[in-house]
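Q: My structure is stored as upload.tsv, with TSV, C-alpha atoms.
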```
chain	number	residue	atom	x	y	z
A	1	MET	CA	56.70	158.04	38.38
A	2	GLN	CA	59.13	158.39	35.44
A	3	LYS	CA	58.55	155.63	32.91
A	4	THR	CA	61.39	156.18	30.45
A	5	THR	CA	65.16	156.56	30.63
A	6	SER	CA	65.18	159.13	27.79
A	7	GLY	CA	66.93	162.34	28.80
A	8	HIS	CA	68.51	160.72	31.87
A	9	THR	CA	71.75	159.39	30.34
A	10	GLY	CA	73.96	161.76	32.32
A	11	LEU	CA	72.22	160.89	35.57
A	12	ILE	CA	72.52	157.15	34.92
A	13	LEU	CA	76.22	157.45	34.07
A	14	LEU	CA	76.92	159.38	37.29
A	15	LEU	CA	74.97	156.82	39.33
A	16	GLY	CA	76.96	154.06	37.66
A	17	LEU	CA	80.19	155.77	38.66
A	18	LEU	CA	79.01	156.14	42.26
A	19	THR	CA	78.06	152.46	42.36
A	20	ALA	CA	81.47	151.57	40.88
A	21	PHE	CA	83.26	152.73	44.03
A	22	GLY	CA	82.51	149.36	45.63
A	23	PRO	CA	84.17	147.09	43.04
A	24	MET	CA	86.81	149.67	42.07
A	25	SER	CA	88.03	149.94	45.66
A	26	ILE	CA	88.44	146.17	45.73
A	27	ASP	CA	89.76	145.38	42.27
A	28	MET	CA	92.40	148.08	42.07
A	29	TYR	CA	94.37	146.81	45.03
A	30	LEU	CA	94.04	143.05	44.43
A	31	PRO	CA	97.30	142.91	42.40
A	32	ALA	CA	99.04	144.54	45.39
A	33	PHE	CA	98.32	141.65	47.76
A	34	PRO	CA	101.82	140.08	47.39
A	35	ALA	CA	103.51	143.49	47.80
A	36	ILE	CA	101.44	144.32	50.91
A	37	ALA	CA	102.22	140.89	52.37
A	38	ARG	CA	105.97	141.41	51.84
A	39	GLU	CA	105.99	144.92	53.31
A	40	PHE	CA	104.10	143.95	56.47
A	41	GLY	CA	105.73	140.51	56.79
A	42	VAL	CA	102.49	138.53	56.64
A	43	SER	CA	100.93	135.89	54.37
A	44	ILE	CA	98.64	136.67	51.44
A	45	ALA	CA	95.89	134.87	53.37
A	46	ALA	CA	96.32	137.47	56.14
A	47	VAL	CA	96.11	140.32	53.63
A	48	GLN	CA	92.78	138.88	52.50
A	49	TYR	CA	91.33	140.08	55.81
A	50	THR	CA	91.60	143.64	54.50
A	51	LEU	CA	89.15	142.57	51.79
A	52	ALA	CA	86.89	140.88	54.33
A	53	ALA	CA	86.93	144.06	56.44
A	54	TYR	CA	85.92	146.11	53.42
A	55	ASN	CA	83.01	143.74	52.76
A	56	VAL	CA	81.90	144.04	56.40
A	57	GLY	CA	82.01	147.83	56.09
A	58	LEU	CA	79.93	147.71	52.93
A	59	ALA	CA	77.40	145.44	54.61
A	60	LEU	CA	76.93	147.36	57.85
A	61	GLY	CA	77.57	150.90	56.65
A	62	GLN	CA	74.65	150.83	54.28
A	63	LEU	CA	72.20	150.60	57.17
A	64	LEU	CA	73.21	154.12	58.25
A	65	TYR	CA	72.53	155.87	54.96
A	66	GLY	CA	69.07	154.55	54.16
A	67	PRO	CA	67.04	156.16	56.97
A	68	PHE	CA	69.17	159.32	56.89
A	69	ALA	CA	68.54	159.67	53.15
A	70	ASP	CA	64.79	159.12	53.59
A	71	GLN	CA	64.73	161.91	56.20
A	72	TRP	CA	67.23	164.48	54.87
A	73	GLY	CA	67.53	163.68	51.17
A	74	ARG	CA	69.99	161.89	48.91
A	75	LYS	CA	72.65	164.54	48.16
A	76	PRO	CA	73.80	165.48	51.69
A	77	ASN	CA	74.41	161.83	52.57
A	78	LEU	CA	76.26	161.19	49.34
A	79	MET	CA	78.55	164.15	49.96
A	80	ALA	CA	79.30	163.03	53.53
A	81	GLY	CA	80.07	159.51	52.34
A	82	MET	CA	82.51	160.67	49.67
A	83	VAL	CA	84.38	162.87	52.14
A	84	LEU	CA	84.72	159.96	54.59
A	85	TYR	CA	85.85	157.67	51.78
A	86	ALA	CA	88.56	160.08	50.62
A	87	VAL	CA	89.93	160.64	54.14
A	88	ALA	CA	90.03	156.89	54.84
A	89	ALA	CA	91.72	156.20	51.49
A	90	ILE	CA	94.51	158.63	52.38
A	91	GLY	CA	94.76	156.89	55.74
A	92	CYS	CA	95.21	153.54	53.93
A	93	ALA	CA	98.11	155.08	51.99
A	94	TRP	CA	99.72	156.02	55.31
A	95	ALA	CA	99.08	152.66	57.04
A	96	THR	CA	102.05	151.34	59.04
A	97	SER	CA	100.73	147.84	59.81
A	98	LEU	CA	98.29	145.28	58.51
A	99	ASN	CA	95.97	145.89	61.47
A	100	SER	CA	95.75	149.60	60.74
A	101	LEU	CA	95.11	148.86	57.06
A	102	VAL	CA	92.27	146.51	58.01
A	103	ALA	CA	90.67	149.18	60.22
A	104	LEU	CA	91.03	151.91	57.60
A	105	ARG	CA	89.61	149.69	54.87
A	106	LEU	CA	86.55	149.16	57.08
A	107	LEU	CA	86.17	152.95	57.44
A	108	GLN	CA	86.72	153.46	53.70
A	109	ALA	CA	83.92	151.01	52.96
A	110	VAL	CA	81.52	152.86	55.27
A	111	GLY	CA	82.14	155.99	53.22
A	112	GLY	CA	82.08	154.32	49.82
A	113	CYS	CA	78.87	152.40	50.37
A	114	SER	CA	76.94	155.68	50.36
A	115	GLY	CA	77.13	155.75	46.57
A	116	MET	CA	75.87	152.19	46.30
A	117	VAL	CA	72.89	152.67	48.63
A	118	LEU	CA	71.76	156.01	47.32
A	119	ALA	CA	72.27	155.27	43.64
A	120	ARG	CA	69.74	152.44	44.01
A	121	ALA	CA	67.39	154.70	45.96
A	122	ILE	CA	67.62	157.42	43.30
A	123	VAL	CA	66.74	154.90	40.58
A	124	ARG	CA	63.73	153.81	42.63
A	125	ASP	CA	62.74	157.45	43.05
A	126	LYS	CA	62.47	157.82	39.28
A	127	PHE	CA	61.81	154.37	37.73
A	128	GLU	CA	60.00	151.11	38.49
A	129	GLY	CA	59.56	147.49	37.33
A	130	ASN	CA	61.29	146.38	34.14
A	131	GLU	CA	62.31	149.98	33.46
A	132	ALA	CA	64.19	150.11	36.75
A	133	ALA	CA	65.86	146.80	35.86
A	134	ARG	CA	66.99	148.31	32.56
A	135	VAL	CA	68.43	151.32	34.35
A	136	PHE	CA	70.31	149.06	36.76
A	137	SER	CA	71.66	147.11	33.76
A	138	THR	CA	72.89	150.33	32.16
A	139	MET	CA	74.54	151.34	35.43
A	140	MET	CA	76.35	148.01	35.43
A	141	LEU	CA	77.84	148.91	32.05
A	142	VAL	CA	79.61	151.78	33.79
A	143	MET	CA	80.23	149.82	36.96
A	144	GLY	CA	81.68	146.90	35.00
A	145	VAL	CA	84.42	149.03	33.47
A	146	ALA	CA	85.99	149.32	36.93
A	147	PRO	CA	86.98	145.63	37.21
A	148	ILE	CA	88.58	145.88	33.75
A	149	LEU	CA	90.62	149.04	34.31
A	150	ALA	CA	91.22	148.88	38.07
A	151	PRO	CA	93.45	145.76	38.20
A	152	THR	CA	95.49	147.11	35.28
A	153	VAL	CA	96.05	150.40	37.08
A	154	GLY	CA	96.85	148.57	40.30
A	155	SER	CA	99.28	146.25	38.49
A	156	PHE	CA	101.06	149.26	36.98
A	157	PHE	CA	101.62	150.85	40.39
A	158	VAL	CA	102.82	147.58	41.90
A	159	ALA	CA	105.26	146.95	39.04
A	160	HIS	CA	106.59	150.49	38.58
A	161	ALA	CA	105.92	152.48	41.74
A	162	ASP	CA	104.34	151.76	45.15
A	163	TRP	CA	101.09	150.07	46.13
A	164	ARG	CA	100.25	153.04	48.37
A	165	LEU	CA	99.66	155.20	45.29
A	166	ILE	CA	96.57	153.10	44.60
A	167	PHE	CA	94.84	154.65	47.60
A	168	TYR	CA	95.84	158.19	46.63
A	169	VAL	CA	94.19	157.55	43.25
A	170	LEU	CA	91.04	156.31	44.98
A	171	ALA	CA	90.98	159.43	47.15
A	172	GLY	CA	91.27	161.58	44.03
A	173	LEU	CA	88.39	159.75	42.36
A	174	ALA	CA	86.25	160.34	45.44
A	175	ALA	CA	87.01	164.06	45.18
A	176	LEU	CA	85.91	164.06	41.52
A	177	ALA	CA	82.72	162.17	42.46
A	178	LEU	CA	82.03	164.78	45.14
A	179	ILE	CA	82.22	167.52	42.50
A	180	GLY	CA	79.74	165.59	40.34
A	181	ILE	CA	77.35	165.16	43.26
A	182	VAL	CA	77.43	168.87	44.07
A	183	PHE	CA	77.09	170.25	40.54
A	184	VAL	CA	75.42	167.52	38.43
A	185	LEU	CA	73.27	165.27	40.59
A	186	PRO	CA	69.70	166.49	41.24
A	187	GLU	CA	67.98	165.88	44.55
A	188	THR	CA	65.39	163.21	43.74
A	189	LEU	CA	63.63	163.24	47.12
A	190	PRO	CA	61.96	166.65	47.57
A	191	PRO	CA	61.15	167.83	51.12
A	192	ALA	CA	57.44	167.04	50.66
A	193	ARG	CA	58.23	163.34	50.23
A	194	ARG	CA	60.70	163.01	53.10
A	195	ASN	CA	59.94	161.13	56.28
A	196	SER	CA	60.80	163.29	59.28
A	197	GLU	CA	60.95	160.25	61.55
A	198	ALA	CA	62.85	157.86	59.26
A	199	ALA	CA	66.02	157.86	61.36
A	200	ARG	CA	64.18	157.41	64.65
A	201	ARG	CA	62.06	154.59	63.26
A	202	ALA	CA	64.87	152.91	61.35
A	203	PHE	CA	64.68	149.63	63.23
A	204	SER	CA	60.90	149.31	62.88
A	205	THR	CA	61.21	150.05	59.15
A	206	TYR	CA	63.87	147.39	58.74
A	207	ALA	CA	61.75	144.93	60.73
A	208	HIS	CA	58.80	145.61	58.40
A	209	LEU	CA	60.94	145.06	55.33
A	210	LEU	CA	62.17	141.76	56.71
A	211	GLN	CA	58.54	140.61	56.89
A	212	ASP	CA	58.31	140.97	53.11
A	213	ARG	CA	59.12	137.45	51.99
A	214	ALA	CA	59.75	138.50	48.39
A	215	PHE	CA	62.03	141.40	49.44
A	216	VAL	CA	64.15	139.02	51.48
A	217	GLY	CA	64.11	136.45	48.69
A	218	TYR	CA	65.28	138.88	46.03
A	219	SER	CA	67.92	140.33	48.36
A	220	LEU	CA	69.38	136.99	49.39
A	221	THR	CA	69.29	135.66	45.83
A	222	ALA	CA	71.30	138.65	44.63
A	223	GLY	CA	73.48	138.34	47.72
A	224	MET	CA	74.39	134.71	47.13
A	225	VAL	CA	75.15	135.23	43.43
A	226	GLN	CA	77.29	138.20	44.37
A	227	ALA	CA	78.87	136.24	47.23
A	228	ALA	CA	80.13	133.70	44.70
A	229	MET	CA	81.86	136.57	42.89
A	230	PHE	CA	83.37	137.83	46.16
A	231	ALA	CA	84.69	134.35	46.88
A	232	TYR	CA	86.36	134.47	43.48
A	233	ILE	CA	87.74	137.96	44.16
A	234	THR	CA	89.11	136.90	47.54
A	235	GLY	CA	90.79	133.70	46.39
A	236	SER	CA	91.74	134.50	42.81
A	237	SER	CA	94.98	136.38	43.51
A	238	PHE	CA	96.44	133.35	45.31
A	239	VAL	CA	94.97	130.80	42.92
A	240	PHE	CA	96.20	132.36	39.70
A	241	THR	CA	99.49	133.95	40.79
A	242	GLN	CA	100.68	131.33	43.27
A	243	LEU	CA	99.14	128.05	42.09
A	244	PHE	CA	99.06	128.64	38.32
A	245	GLY	CA	102.04	130.98	38.15
A	246	LEU	CA	100.45	133.91	36.29
A	247	SER	CA	102.27	137.23	36.44
A	248	THR	CA	100.61	140.24	38.01
A	249	GLN	CA	99.88	141.61	34.54
A	250	GLN	CA	98.42	138.30	33.31
A	251	TYR	CA	96.22	138.12	36.40
A	252	GLY	CA	94.98	141.64	35.72
A	253	LEU	CA	94.08	140.69	32.15
A	254	LEU	CA	92.24	137.56	33.29
A	255	PHE	CA	90.36	139.60	35.87
A	256	GLY	CA	89.41	142.10	33.20
A	257	LEU	CA	88.17	139.32	30.90
A	258	ASN	CA	85.78	138.09	33.57
A	259	ALA	CA	84.60	141.64	34.15
A	260	SER	CA	83.93	141.91	30.41
A	261	GLY	CA	81.61	138.93	30.75
A	262	LEU	CA	79.71	140.72	33.51
A	263	ILE	CA	79.33	143.82	31.31
A	264	ALA	CA	78.16	141.79	28.31
A	265	ALA	CA	75.64	139.94	30.49
A	266	SER	CA	74.21	143.17	31.89
A	267	GLN	CA	73.67	144.55	28.37
A	268	LEU	CA	72.17	141.28	27.13
A	269	ASN	CA	69.90	141.48	30.15
A	270	ASN	CA	68.80	144.91	28.93
A	271	ARG	CA	67.67	143.35	25.65
A	272	LEU	CA	66.04	140.33	27.25
A	273	LEU	CA	63.93	142.62	29.42
A	274	ARG	CA	62.10	143.70	26.25
A	275	ARG	CA	60.75	140.15	25.88
A	276	PHE	CA	60.78	138.66	29.38
A	277	THR	CA	60.03	139.85	32.90
A	278	PHE	CA	62.90	140.29	35.29
A	279	GLN	CA	61.47	137.42	37.37
A	280	GLN	CA	61.74	134.99	34.43
A	281	ILE	CA	65.32	136.01	33.70
A	282	LEU	CA	66.29	135.69	37.35
A	283	GLN	CA	64.85	132.20	37.55
A	284	GLY	CA	66.95	131.04	34.60
A	285	VAL	CA	70.20	132.68	35.67
A	286	THR	CA	70.14	131.17	39.18
A	287	LEU	CA	70.06	127.72	37.56
A	288	VAL	CA	73.01	128.53	35.28
A	289	ASN	CA	74.98	130.03	38.16
A	290	MET	CA	74.44	126.94	40.31
A	291	LEU	CA	75.53	124.54	37.56
A	292	ALA	CA	78.67	126.59	36.85
A	293	GLY	CA	79.59	126.51	40.55
A	294	VAL	CA	79.17	122.75	40.77
A	295	VAL	CA	81.26	122.22	37.62
A	296	LEU	CA	83.96	124.48	39.07
A	297	LEU	CA	84.08	122.43	42.27
A	298	VAL	CA	84.40	119.18	40.29
A	299	PHE	CA	87.29	120.55	38.21
A	300	ALA	CA	88.99	122.05	41.27
A	301	SER	CA	88.76	118.77	43.19
A	302	THR	CA	90.00	116.58	40.34
A	303	GLY	CA	92.42	118.90	38.54
A	304	TRP	CA	90.76	118.13	35.21
A	305	LEU	CA	91.68	120.58	32.41
A	306	GLY	CA	94.04	122.50	34.70
A	307	ILE	CA	93.66	126.27	34.58
A	308	VAL	CA	91.06	126.02	31.79
A	309	GLY	CA	88.81	123.95	34.06
A	310	ILE	CA	88.92	126.79	36.58
A	311	THR	CA	88.68	129.84	34.33
A	312	LEU	CA	85.74	128.73	32.16
A	313	PRO	CA	83.19	128.08	34.94
A	314	LEU	CA	84.47	131.16	36.79
A	315	PHE	CA	83.66	133.24	33.72
A	316	VAL	CA	80.07	131.98	33.84
A	317	VAL	CA	79.81	132.59	37.60
A	318	VAL	CA	81.01	136.19	37.32
A	319	SER	CA	78.90	136.88	34.23
A	320	SER	CA	75.81	135.69	36.11
A	321	VAL	CA	76.05	138.77	38.31
A	322	GLY	CA	75.26	140.91	35.27
A	323	PHE	CA	71.86	139.21	35.03
A	324	ALA	CA	71.08	138.61	38.70
A	325	SER	CA	71.99	141.94	40.30
A	326	PRO	CA	69.83	144.38	38.27
A	327	ASN	CA	66.81	142.08	38.16
A	328	ALA	CA	66.89	141.12	41.83
A	329	THR	CA	67.43	144.76	42.82
A	330	ALA	CA	64.41	145.85	40.80
A	331	GLY	CA	62.34	143.07	42.37
A	332	ALA	CA	63.38	143.92	45.91
A	333	LEU	CA	62.65	147.65	45.61
A	334	GLN	CA	59.51	147.54	43.47
A	335	ARG	CA	57.01	147.80	46.38
A	336	HIS	CA	58.94	150.24	48.56
A	337	ALA	CA	58.91	153.63	46.84
A	338	GLN	CA	58.05	155.53	50.04
A	339	GLN	CA	61.03	154.10	51.90
A	340	ALA	CA	63.41	153.55	49.00
A	341	GLY	CA	66.48	154.65	50.96
A	342	SER	CA	65.86	152.24	53.82
A	343	ALA	CA	64.90	149.43	51.46
A	344	SER	CA	68.04	150.01	49.37
A	345	ALA	CA	70.14	150.04	52.55
A	346	LEU	CA	68.74	146.77	53.86
A	347	LEU	CA	69.01	145.20	50.42
A	348	GLY	CA	72.67	146.20	50.25
A	349	THR	CA	73.35	144.98	53.78
A	350	LEU	CA	71.86	141.57	53.07
A	351	MET	CA	73.76	141.33	49.78
A	352	TYR	CA	77.12	142.37	51.17
A	353	SER	CA	76.69	140.33	54.34
A	354	CYS	CA	76.56	137.32	52.04
A	355	GLY	CA	79.69	138.60	50.31
A	356	ALA	CA	81.51	139.20	53.60
A	357	VAL	CA	80.73	135.68	54.85
A	358	ALA	CA	81.89	134.17	51.56
A	359	ALA	CA	85.14	136.16	51.63
A	360	LEU	CA	85.81	135.16	55.24
A	361	ALA	CA	85.06	131.52	54.43
A	362	VAL	CA	87.60	131.48	51.60
A	363	SER	CA	90.25	132.96	53.91
A	364	PHE	CA	89.35	130.74	56.87
A	365	PHE	CA	89.38	127.46	54.91
A	366	ALA	CA	92.46	128.34	52.82
A	367	ASP	CA	94.59	125.21	52.47
A	368	GLY	CA	96.94	126.04	49.63
A	369	THR	CA	94.61	124.69	46.93
A	370	VAL	CA	91.81	126.04	44.74
A	371	VAL	CA	89.20	123.85	46.47
A	372	PRO	CA	88.11	126.28	49.25
A	373	MET	CA	87.34	129.03	46.74
A	374	ALA	CA	85.51	126.60	44.45
A	375	ALA	CA	83.54	125.04	47.31
A	376	VAL	CA	82.33	128.42	48.59
A	377	ILE	CA	81.27	129.42	45.06
A	378	ALA	CA	79.36	126.16	44.60
A	379	VAL	CA	77.56	126.55	47.94
A	380	CYS	CA	76.59	130.12	47.04
A	381	GLY	CA	75.19	128.97	43.69
A	382	VAL	CA	73.07	126.25	45.25
A	383	ALA	CA	71.83	128.65	47.93
A	384	ALA	CA	70.81	131.30	45.37
A	385	PHE	CA	68.90	128.72	43.33
A	386	LEU	CA	66.99	127.38	46.34
A	387	LEU	CA	66.33	130.74	48.00
A	388	TYR	CA	64.78	132.27	44.90
A	389	ARG	CA	62.41	129.34	44.39
A	390	TRP	CA	61.50	129.07	48.06
A	391	LEU	CA	61.06	132.75	48.97
A	392	VAL	CA	59.97	134.32	45.68
A	393	VAL	CA	58.57	131.78	43.22
A	394	ARG	CA	56.65	129.79	45.83
A	395	GLN	CA	55.71	132.51	48.29
A	396	PRO	CA	52.40	131.33	49.80
A	397	HIS	CA	51.10	134.72	50.92
A	398	PRO	CA	50.87	138.18	49.36
A	399	MET	CA	53.52	140.70	50.32
A	400	PRO	CA	52.60	143.04	53.19
A	401	ALA	CA	51.48	146.56	52.39
A	402	GLU	CA	54.17	149.21	52.34
A	403	SER	CA	54.84	150.78	55.70
A	404	SER	CA	54.34	154.47	56.21
A	405	THR	CA	57.03	154.67	58.82
```
Would you encode the structure as structure tokens?

A:
Amino acid sequence: MQKTTSGHTGLILLLGLLTAFGPMSIDMYLPAFPAIAREFGVSIAAVQYTLAAYNVGLALGQLLYGPFADQWGRKPNLMAGMVLYAVAAIGCAWATSLNSLVALRLLQAVGGCSGMVLARAIVRDKFEGNEAARVFSTMMLVMGVAPILAPTVGSFFVAHADWRLIFYVLAGLAALALIGIVFVLPETLPPARRNSEAARRAFSTYAHLLQDRAFVGYSLTAGMVQAAMFAYITGSSFVFTQLFGLSTQQYGLLFGLNASGLIAASQLNNRLLRRFTFQQILQGVTLVNMLAGVVLLVFASTGWLGIVGITLPLFVVVSSVGFASPNATAGALQRHAQQAGSASALLGTLMYSCGAVAALAVSFFADGTVVPMAAVIAVCGVAAFLLYRWLVVRQPHPMPAESST
């Protein structure tokens, strides 16, 4: 097992880019919500279902790649996923109705999630423990650039061209990623370590993983912290452009500022890991995330401090992801080296299922105010805090031995 990140900078950067397809595919088209709504003659709340569909695709699609990658290797599955993503992105550019856009976004997510699942599995193939957490933090430095640049690019297309160009750009980026996978990325799962029955035994493997109380605890903790961010992503376009009157460009800048907080948190996490365990950091950040969510709900319900009362706690909520995601991911995967693909897939499914539910809740309870978004964020924060302490900190029994299936 590799114990140092030295000499792996290129690999980590490429993995960060592959992981970035998830947030990039969301953030780039957020400024286009009003334009899409006008073209298809629907409300912005209806357009939000394209985001919910993407989250569902991310959640369920990951289950496919894990067992396949454990049986046939990482690279072939990554290549297939990028091809599917590019084709679906072009389809989104050609969409003639909101319903077709929703369906194509679901398909695009199934392709794009390959990079997210297998990047985590590749890190687990080569690193473990605090070192893996540091690698995940470094990947978030790359991944975090996407929320800064993507809304700006999307805003430019909306203001000066056509929102459909956004999806052509995403298809082009998938083609570039495919080139990187073919010519740069090494295969980290050699044939001798592959499980020839991983696909056939996928359900029994997932059932075994779900018996690991700590695995579920880490996964759901990361999922609820991330779900709070997805609630913000889903509701923020309406909140800031419609309720607070920000221009598309101003909204893009605000979105980028919050993403900067996530990047800074992930790099601070890298430093903290030299002094603390990832478990200690995760315990502290779930408390901070919960308090920020509760404060946000109070300000949203009362109107205190106006837009400042919304943006400040949101900054803390989004920044919390930079601490929670790498540490919880390292914790969830630490005991599952022999089935890293399947473990990464189930981890991602649990995380993005939380995100999909949060996004749907914001859309379903939309009432023309900021309260639904704030309430969902607060609930997610409380859930993350309680789940980590109940399933991880206070687990009464040792984790089950790793399955050989």

Q: Determine the nearest neighbour of A:Leu346 from the options A:Leu210, A:Ala93, A:Leu243, A:Val182, counting all atoms listed in the file.

A: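 Going through A:Leu210, A:Ala93, A:Leu243, A:Val182 one by one, the smallest distance to A:Leu346 is for A:Leu210.
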
Q: Within 7 Å of stretch 269-275 of chain A, counting all atoms listed in the file, which residues show up once you throw out same-chain ones fewer than 6 positions away? Write them as a PyMOL selection string, please.

A: chain A and resi 130+134+137+323

Q: Identify which of the residues A:Ala259, A:Ile307, A:Val135, A:Leu149 lies closest to A:Leu246, counting all atoms listed in the file when measuring atom-to-atom distances.

A: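 Closest to A:Leu246 of all the choices is A:Ile307.
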
Q: Which neighbours of A:Asn195 fall inside 10 Å, counting all atoms listed in the file, when residues of the same chain fewer than 4 positions from it are skipped, and could you give them as an mmCIF file with C-alpha atoms, keeping the file's coordinate frame?

A:
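Result file result_19.cif:
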```cif
data_model
loop_
_atom_site.group_PDB
_atom_site.id
_atom_site.type_symbol
_atom_site.label_atom_id
_atom_site.label_comp_id
_atom_site.auth_asym_id
_atom_site.auth_seq_id
_atom_site.Cartn_x
_atom_site.Cartn_y
_atom_site.Cartn_z
ATOM 1 C CA PRO A 67 67.040 156.160 56.970
ATOM 2 C CA PHE A 68 69.170 159.320 56.890
ATOM 3 C CA ALA A 69 68.540 159.670 53.150
ATOM 4 C CA ASP A 70 64.790 159.120 53.590
ATOM 5 C CA GLN A 71 64.730 161.910 56.200
ATOM 6 C CA TRP A 72 67.230 164.480 54.870
ATOM 7 C CA GLY A 73 67.530 163.680 51.170
ATOM 8 C CA PRO A 191 61.150 167.830 51.120
ATOM 9 C CA ALA A 199 66.020 157.860 61.360
ATOM 10 C CA ARG A 201 62.060 154.590 63.260
ATOM 11 C CA GLN A 338 58.050 155.530 50.040
ATOM 12 C CA GLN A 339 61.030 154.100 51.900
ATOM 13 C CA SER A 404 54.340 154.470 56.210
ATOM 14 C CA THR A 405 57.030 154.670 58.820
#
```

Q: Looking at all atoms listed in the file, which of A:Gln62, A:Ser266, A:Thr221, A:Ser342 is the one that sits closest to A:Met116?

A: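 Using all atoms listed in the file, A:Met116 sits closest to A:Gln62.
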
Q: Have a look at A:Ala46, A:Ser25, A:Ala119, A:Leu170 and name the one nearest to A:Ala86; count all atoms listed in the file.

A: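 With all atoms listed in the file as the atom set, the closest residue is A:Leu170.
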
Q: Using all atoms listed in the file, which protein or nucleic acid residues come within 8 Å of stretch 359-369 of chain A? Drop anything in the same chain fewer than 3 positions from it, and give the result as a ChimeraX atom specification.

A: /A:45-46,48-49,51-52,55,227,230-231,234-235,239,243,355-356,372-373,376

Q: Please save C-alpha atoms of the selected residues as a short mmCIF file (atom, residue, chain, number, x, y, z; two decimals), in the coordinates of the input.

A:
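Resulting contents of again-v8.cif:
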```
data_model
loop_
_atom_site.label_atom_id
_atom_site.label_comp_id
_atom_site.auth_asym_id
_atom_site.auth_seq_id
_atom_site.Cartn_x
_atom_site.Cartn_y
_atom_site.Cartn_z
CA ALA A 45 95.89 134.87 53.37
CA ALA A 46 96.32 137.47 56.14
CA GLN A 48 92.78 138.88 52.50
CA TYR A 49 91.33 140.08 55.81
CA LEU A 51 89.15 142.57 51.79
CA ALA A 52 86.89 140.88 54.33
CA ASN A 55 83.01 143.74 52.76
CA ALA A 227 78.87 136.24 47.23
CA PHE A 230 83.37 137.83 46.16
CA ALA A 231 84.69 134.35 46.88
CA THR A 234 89.11 136.90 47.54
CA GLY A 235 90.79 133.70 46.39
CA VAL A 239 94.97 130.80 42.92
CA LEU A 243 99.14 128.05 42.09
CA GLY A 355 79.69 138.60 50.31
CA ALA A 356 81.51 139.20 53.60
CA PRO A 372 88.11 126.28 49.25
CA MET A 373 87.34 129.03 46.74
CA VAL A 376 82.33 128.42 48.59
#
```

Q: Report as a tab-separated table the residues of stretch 39-91 of chain A within 8 Å of stretch 96-101 of chain A, each with its shortest atom pair and distance in Å (one decimal), using only C-alpha atoms, ordered by chain and increasing residue number.

A:
```
residue	atom	partner	partner_atom	distance
A:Phe40	CA	A:Ser97	CA	6.1
A:Val47	CA	A:Leu98	CA	7.3
A:Thr50	CA	A:Leu101	CA	6.8
```

Q: Could you write out the selected residues, including C-alpha atoms, as a PDB file, in the coordinates of the input?

A:
```pdb
ATOM      1  CA  PHE A  40     104.100 143.950  56.470  1.00  0.00           C
ATOM      2  CA  VAL A  47      96.110 140.320  53.630  1.00  0.00           C
ATOM      3  CA  THR A  50      91.600 143.640  54.500  1.00  0.00           C
TER       4      THR A  50
END
```

Q: Give one line per residue of stretch 26-145 of chain A that approaches stretch 150-160 of chain A to at most 9 Å, naming the two atoms of the closest pair and their distance in Å to one decimal, counting only C-alpha atoms; sort by chain then ascending residue number and deliver it as CSV.

A:
```
residue,atom,partner,partner_atom,distance
A:Ile26,CA,A:Ala150,CA,8.6
A:Asp27,CA,A:Pro151,CA,5.5
A:Met28,CA,A:Ala150,CA,4.2
A:Tyr29,CA,A:Gly154,CA,5.6
A:Leu30,CA,A:Pro151,CA,6.8
A:Pro31,CA,A:Ser155,CA,5.5
A:Ala32,CA,A:Val158,CA,6.0
A:Ala35,CA,A:Val158,CA,7.2
A:Val145,CA,A:Ala150,CA,8.2
```

Q: For A:Val317, find every residue with an atom within 8 Å (counting all atoms listed in the file), except residues of its own chain fewer than 4 positions away, and show them as a list in words.

A: Val225, Ala228, Met229, Asn289, Ala292, Gly293, Pro313 and Val321 of chain A

Q: Quick one: everything within 8 Å of stretch 104-109 of chain A, counting all atoms listed in the file, minus sequence neighbours fewer than 2 positions away in the same chain. Send it as a CSV table (one decimal) with C-alpha atoms, keeping the file's coordinate frame.

A:
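This is the output file part.csv:
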```
chain,number,residue,atom,x,y,z
A,22,GLY,CA,82.5,149.4,45.6
A,50,THR,CA,91.6,143.6,54.5
A,51,LEU,CA,89.2,142.6,51.8
A,53,ALA,CA,86.9,144.1,56.4
A,54,TYR,CA,85.9,146.1,53.4
A,55,ASN,CA,83.0,143.7,52.8
A,56,VAL,CA,81.9,144.0,56.4
A,57,GLY,CA,82.0,147.8,56.1
A,58,LEU,CA,79.9,147.7,52.9
A,61,GLY,CA,77.6,150.9,56.6
A,84,LEU,CA,84.7,160.0,54.6
A,85,TYR,CA,85.8,157.7,51.8
A,86,ALA,CA,88.6,160.1,50.6
A,87,VAL,CA,89.9,160.6,54.1
A,88,ALA,CA,90.0,156.9,54.8
A,89,ALA,CA,91.7,156.2,51.5
A,91,GLY,CA,94.8,156.9,55.7
A,92,CYS,CA,95.2,153.5,53.9
A,100,SER,CA,95.8,149.6,60.7
A,101,LEU,CA,95.1,148.9,57.1
A,102,VAL,CA,92.3,146.5,58.0
A,111,GLY,CA,82.1,156.0,53.2
A,112,GLY,CA,82.1,154.3,49.8
A,113,CYS,CA,78.9,152.4,50.4
```

Q: For atom CA of A:Leu254 and atom CA of A:Val298, determine how far apart the two atoms are, in Å to one decimal place.

A: 21.2 Å

Q: So the first atom is atom CA of A:Ala214 and the second is atom CA of A:Lys126; what is the distance between them in Å, to one decimal place?

A: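 Pair atom CA of A:Ala214 / atom CA of A:Lys126 returns 21.5 Å.
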
Q: Between A:Leu268, A:Leu165, A:Met140, A:Leu78, which one has atoms that come closest to A:Trp94, using all atoms listed in the file?

A: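 Looking only at the distances to A:Trp94, the closest residue turns out to be A:Leu165.
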